[in-house]
Amino acid sequence: MKKPNLKIHDREKIAPEEILFYADQCHTPRQFINIMKRLQSYIPFRHMACGYGNPTTYKIANVTDLGFPKKFIQWYLKTEMIRRDPVFHEWLRTQQSQIWSDVFHRLPHQFDPEHVKKINEFKLQHTLVGGVLDIPQEIFSYFCLTMGSKKECHNYTRTFADLLPAVDRAFKNAHAKKPRFAGPLLTEKQKAILQWASEGYSRLGIARKLGITERTVQMHLAAIRKKLHARNKTHAVALAIRYKLIG
């Protein structure tokens, strides 16, 4: 049976399986916020914030929140803390949901003291984060849900991960005009280097093919790994093939 048109404001709550449907029916920021309000029936978060970003420049746009401390958001954006945020970079590296307090426990020395001070000030230690990374489109969406305790974060991590694709789709549908971030992800030379690497050429062999120095090839490979968030050259080649950046 065909479901009725979306009228979120008429509903008490939305069952998890229905979110998959309503994500495609979401067309405005207001509808997205209403979906997130109903989502609280299944993931009892206190605050929510999300936005688009560029994985190379770390520029963020279309920030939306539901009760999240606006002074913290303003500070975070103004200081470009995302560039130095270990929690964000752990998510970007692993593509797995992260809990702020867990990452801080593992990597305390990587945190900016001012960041820790702000987190404590606004009581955001128990924040569950995750998102969707789209390398070909050079964009990521990033979601932060503040919970009441670390235990709640762990209890709802799986539910959050399961519903994240649908929530991400609703967010994108609500902002049909996605921000355009300037600049290609990889230059033509970097693509050529990856192409030769995928065919088994060494750095020296690639340098000879392109008429550049081996050191220049090494510098390009380092830049490529950073852009693709790859562990090494082999991983970078695998990601480039997966994302159809090379043949």
# chains A, B, ... in the order shown; residues from 1 in each chain; ligands from 1
$ closest_atom_pairs --of "range 8-87 of chain A" --to "range 141-147 of chain A" --cutoff "6 Å" --atoms "only C-alpha atoms" --output "JSON lines"
{"residue": "A:Phe45", "atom": "CA", "partner": "A:Met147", "partner_atom": "CA", "distance": 4.6}
{"residue": "A:Arg46", "atom": "CA", "partner": "A:Thr146", "partner_atom": "CA", "distance": 5.5}
{"residue": "A:His47", "atom": "CA", "partner": "A:Thr146", "partner_atom": "CA", "distance": 5.1}
{"residue": "A:Met48", "atom": "CA", "partner": "A:Leu145", "partner_atom": "CA", "distance": 4.6}
{"residue": "A:Ala49", "atom": "CA", "partner": "A:Cys144", "partner_atom": "CA", "distance": 5.2}
{"residue": "A:Cys50", "atom": "CA", "partner": "A:Phe143", "partner_atom": "CA", "distance": 4.4}
{"residue": "A:Gly51", "atom": "CA", "partner": "A:Tyr142", "partner_atom": "CA", "distance": 5.7}
{"residue": "A:Tyr52", "atom": "CA", "partner": "A:Ser141", "partner_atom": "CA", "distance": 4.5}
$ closest_atom_pairs --of "range 55-90 of chain A" --to "range 115-136 of chain A" --cutoff "10 Å" --atoms "only C-alpha atoms" --output "Markdown table"
| residue | atom | partner | partner_atom | distance |
| --- | --- | --- | --- | --- |
| A:Pro55 | CA | A:Ile135 | CA | 7.9 |
| A:Thr56 | CA | A:Ile135 | CA | 9.8 |
| A:Phe68 | CA | A:Phe122 | CA | 9.4 |
| A:Pro69 | CA | A:Phe122 | CA | 7.1 |
| A:Lys71 | CA | A:Phe122 | CA | 9.0 |
| A:Phe72 | CA | A:Lys118 | CA | 7.1 |
| A:Trp75 | CA | A:Lys118 | CA | 8.8 |
| A:Tyr76 | CA | A:His115 | CA | 8.4 |
| A:Thr79 | CA | A:His115 | CA | 9.9 |
| A:Met81 | CA | A:His115 | CA | 7.8 |
| A:Arg84 | CA | A:His115 | CA | 9.3 |
| A:Asp85 | CA | A:His115 | CA | 8.2 |
| A:Val87 | CA | A:Val129 | CA | 8.0 |
| A:Phe88 | CA | A:Val129 | CA | 7.9 |
| A:Glu90 | CA | A:Gly130 | CA | 9.9 |
$ write_last_selection --atoms "N, CA and C atoms" --output "PDB file, in the first residue's frame"
ATOM      1  N   PRO A  55      35.998  17.693   2.364  1.00  0.00           N
ATOM      2  CA  PRO A  55      37.025  16.885   3.035  1.00  0.00           C
ATOM      3  C   PRO A  55      38.447  17.334   2.767  1.00  0.00           C
ATOM      4  N   THR A  56      38.635  18.259   1.832  1.00  0.00           N
ATOM      5  CA  THR A  56      39.982  18.758   1.541  1.00  0.00           C
ATOM      6  C   THR A  56      40.234  20.098   2.213  1.00  0.00           C
ATOM      7  N   PHE A  68      21.328  22.617  19.944  1.00  0.00           N
ATOM      8  CA  PHE A  68      22.770  22.576  20.196  1.00  0.00           C
ATOM      9  C   PHE A  68      23.233  23.980  20.600  1.00  0.00           C
ATOM     10  N   PRO A  69      24.145  24.100  21.582  1.00  0.00           N
ATOM     11  CA  PRO A  69      24.590  25.434  22.022  1.00  0.00           C
ATOM     12  C   PRO A  69      25.150  26.260  20.871  1.00  0.00           C
ATOM     13  N   LYS A  71      26.519  29.158  20.821  1.00  0.00           N
ATOM     14  CA  LYS A  71      27.812  29.790  21.086  1.00  0.00           C
ATOM     15  C   LYS A  71      28.964  28.827  20.817  1.00  0.00           C
ATOM     16  N   PHE A  72      28.721  27.539  21.094  1.00  0.00           N
ATOM     17  CA  PHE A  72      29.753  26.544  20.790  1.00  0.00           C
ATOM     18  C   PHE A  72      29.911  26.405  19.284  1.00  0.00           C
ATOM     19  N   TRP A  75      31.797  29.351  17.953  1.00  0.00           N
ATOM     20  CA  TRP A  75      33.220  29.257  18.304  1.00  0.00           C
ATOM     21  C   TRP A  75      33.917  28.210  17.438  1.00  0.00           C
ATOM     22  N   TYR A  76      33.286  27.061  17.254  1.00  0.00           N
ATOM     23  CA  TYR A  76      33.867  25.959  16.489  1.00  0.00           C
ATOM     24  C   TYR A  76      34.121  26.372  15.045  1.00  0.00           C
ATOM     25  N   THR A  79      36.911  29.369  14.812  1.00  0.00           N
ATOM     26  CA  THR A  79      38.291  28.926  15.033  1.00  0.00           C
ATOM     27  C   THR A  79      38.719  27.833  14.056  1.00  0.00           C
ATOM     28  N   MET A  81      38.003  24.806  14.174  1.00  0.00           N
ATOM     29  CA  MET A  81      38.454  23.721  15.025  1.00  0.00           C
ATOM     30  C   MET A  81      38.360  22.365  14.351  1.00  0.00           C
ATOM     31  N   ARG A  84      41.483  20.569  13.553  1.00  0.00           N
ATOM     32  CA  ARG A  84      42.306  20.020  14.628  1.00  0.00           C
ATOM     33  C   ARG A  84      41.505  19.137  15.578  1.00  0.00           C
ATOM     34  N   ASP A  85      40.302  18.799  15.184  1.00  0.00           N
ATOM     35  CA  ASP A  85      39.409  18.026  16.043  1.00  0.00           C
ATOM     36  C   ASP A  85      39.679  16.523  15.888  1.00  0.00           C
ATOM     37  N   VAL A  87      38.224  13.979  17.140  1.00  0.00           N
ATOM     38  CA  VAL A  87      37.003  13.178  17.004  1.00  0.00           C
ATOM     39  C   VAL A  87      36.549  13.165  15.547  1.00  0.00           C
ATOM     40  N   PHE A  88      36.531  14.349  14.935  1.00  0.00           N
ATOM     41  CA  PHE A  88      36.160  14.427  13.519  1.00  0.00           C
ATOM     42  C   PHE A  88      37.127  13.611  12.664  1.00  0.00           C
ATOM     43  N   GLU A  90      39.014  11.091  13.524  1.00  0.00           N
ATOM     44  CA  GLU A  90      38.834   9.657  13.743  1.00  0.00           C
ATOM     45  C   GLU A  90      37.661   9.139  12.922  1.00  0.00           C
TER      46      GLU A  90
END
$ closest_residue --among "A:Asn155, A:Asn54, A:Asn173, A:Gln195" --to "Phe32 in chain A" --atoms "only C-alpha atoms"
A:Asn173
$ select_by_dssp --residues "range 8-230 of chain A" --states "alpha helix (DSSP H)" --output "number ranges by chain"
A: 16-25, 29-39, 70-78, 86-94, 100-106, 113-121, 150-174, 188-198, 203-210, 214-228
$ closest_atom_pairs --of "range 72-191 of chain A" --to "range 196-207 of chain A" --cutoff "12 Å" --atoms "only C-alpha atoms" --output "Markdown table"
| residue | atom | partner | partner_atom | distance |
| --- | --- | --- | --- | --- |
| A:Lys189 | CA | A:Trp196 | CA | 10.6 |
| A:Gln190 | CA | A:Trp196 | CA | 10.0 |
| A:Lys191 | CA | A:Trp196 | CA | 8.7 |
$ atom_distance --atom1 "CA of Val167 in chain A" --atom2 "CA of Arg225 in chain A"
29.0 Å
$ closest_residue --among "A:Ala170, A:Ile212, A:Leu163, A:Leu92" --to "His229 in chain A" --atoms "only C-alpha atoms"
A:Leu92
$ select_by_dssp --residues "chain A" --states "strand (DSSP E or B)" --output "count of residues only"
33
$ closest_residue --among "A:Glu138, A:Tyr156, A:Ile60, A:Asp112" --to "Leu39 in chain A" --atoms "only C-alpha atoms"
A:Tyr156
$ atom_distance --atom1 "CA of Ala23 in chain A" --atom2 "CA of Pro165 in chain A"
9.3 Å
$ closest_residue --among "A:Glu152, A:Ile99, A:Leu20, A:Ala174" --to "Thr64 in chain A" --atoms "only C-alpha atoms"
A:Ala174
$ closest_residue --among "A:Lys70, A:Lys209, A:Lys226, A:Arg215" --to "Leu186 in chain A" --atoms "only C-alpha atoms"
A:Lys226
$ closest_residue --among "A:Ala192, A:Val217, A:Leu77, A:Leu210" --to "Leu245 in chain A" --atoms "only C-alpha atoms"
A:Ala192
$ decode --residues "range 184-225 of chain A" --atoms "C-alpha atoms" --output "CSV table (one decimal), in the first residue's frame"
chain,number,residue,atom,x,y,z
A,184,PRO,CA,38.9,19.5,-8.1
A,185,LEU,CA,39.8,16.8,-5.6
A,186,LEU,CA,42.8,15.5,-7.5
A,187,THR,CA,44.8,17.4,-10.2
A,188,GLU,CA,45.3,15.7,-13.6
A,189,LYS,CA,49.0,15.0,-12.6
A,190,GLN,CA,47.9,13.4,-9.4
A,191,LYS,CA,45.4,11.2,-11.3
A,192,ALA,CA,48.2,10.2,-13.7
A,193,ILE,CA,50.5,9.3,-10.8
A,194,LEU,CA,47.8,7.1,-9.3
A,195,GLN,CA,47.1,5.5,-12.7
A,196,TRP,CA,50.8,4.6,-13.1
A,197,ALA,CA,50.9,3.4,-9.5
A,198,SER,CA,47.9,1.2,-10.1
A,199,GLU,CA,49.8,-0.4,-13.0
A,200,GLY,CA,52.7,-1.3,-10.7
A,201,TYR,CA,55.2,1.4,-11.4
A,202,SER,CA,57.5,2.5,-8.7
A,203,ARG,CA,58.1,6.2,-7.7
A,204,LEU,CA,61.1,6.2,-10.0
A,205,GLY,CA,59.2,4.6,-12.8
A,206,ILE,CA,56.4,7.2,-12.5
A,207,ALA,CA,58.9,10.0,-12.4
A,208,ARG,CA,60.4,8.9,-15.7
A,209,LYS,CA,57.0,8.5,-17.3
A,210,LEU,CA,56.0,12.0,-16.3
A,211,GLY,CA,59.3,13.7,-16.7
A,212,ILE,CA,59.5,14.9,-13.1
A,213,THR,CA,61.7,14.0,-10.2
A,214,GLU,CA,61.1,11.1,-7.8
A,215,ARG,CA,60.9,13.6,-4.9
A,216,THR,CA,58.1,15.4,-6.8
A,217,VAL,CA,56.2,12.1,-7.2
A,218,GLN,CA,56.7,11.4,-3.5
A,219,MET,CA,55.3,14.9,-2.6
A,220,HIS,CA,52.3,14.3,-4.9
A,221,LEU,CA,51.6,10.9,-3.3
A,222,ALA,CA,51.6,12.4,0.2
A,223,ALA,CA,49.1,15.0,-1.0
A,224,ILE,CA,47.0,12.3,-2.6
A,225,ARG,CA,46.9,10.3,0.6
